[in-house]
Amino acid sequence: MNKYLTFFLTLLLLGCTNINKDEIDYKKYNERFNFENRDDLFVSFENHFKKAGNTSALKNLKKIDFINECEGFYQILIEEDKYDFFIEESPEEFMCFIEHLNSLGSKKDYHEVYFKSSQALLRFLNPLTLLN
């Protein structure tokens with residue numbers, strides 16, 4: 001019995017120690033959405049929610065009035081690693097933020113930024129509610 005418990009605990013410990021943010025394949029997760037342009041991105045989010053049967057998030061997505069006049073301060077948010085909080089608090093800026101990323105081209109690997117910013121929008125669209 002003790003050897004099985006030791007084996008299980010060893011596996012559990014090894015499994016927990018191998019979790020590392022550098023091992024996340026951001027590029028793979030980003031394939032859920034088409035970041036090429038606003039229209040394709042919006043449709044890919046719609047399809048994502050339809051496929052998951054998440055009508056609540058789909059309704060919330062359609063309620064967002066994404067702004068068209070984009071400001072130029074997005075790079076500062078990226079450099080200070082504050083963009084995901086910004087997107088969650090200002091989801092109407094999401095499309096402009098993605099357009100900014102797209103304008104940077106291949107100067108740097110931004111897969112993680114695309115991922116975290118889309119996750120921030122998903123958190124806004126799917127808020128967790130605590131039941132009392």
# chains A, B, ... in the order shown; residues from 1 in each chain; ligands from 1
$ residues_around --residues "Asn126 in chain A" --least-positions-apart "2" --cutoff "12 Å" --atoms "only C-alpha atoms" --output "number ranges by chain"
A: 49, 54-61, 88, 119-124, 128-129
$ residues_around --residues "range 108-118 of chain A" --least-positions-apart "6" --cutoff "12 Å" --atoms "only C-alpha atoms" --output "PyMOL selection string"
chain A and resi 21-36+41-42+44-45+74-75+77-91+93-102+124-125
$ atom_distance --atom1 "CA of Ile76 in chain A" --atom2 "CA of Arg38 in chain A"
21.8 Å
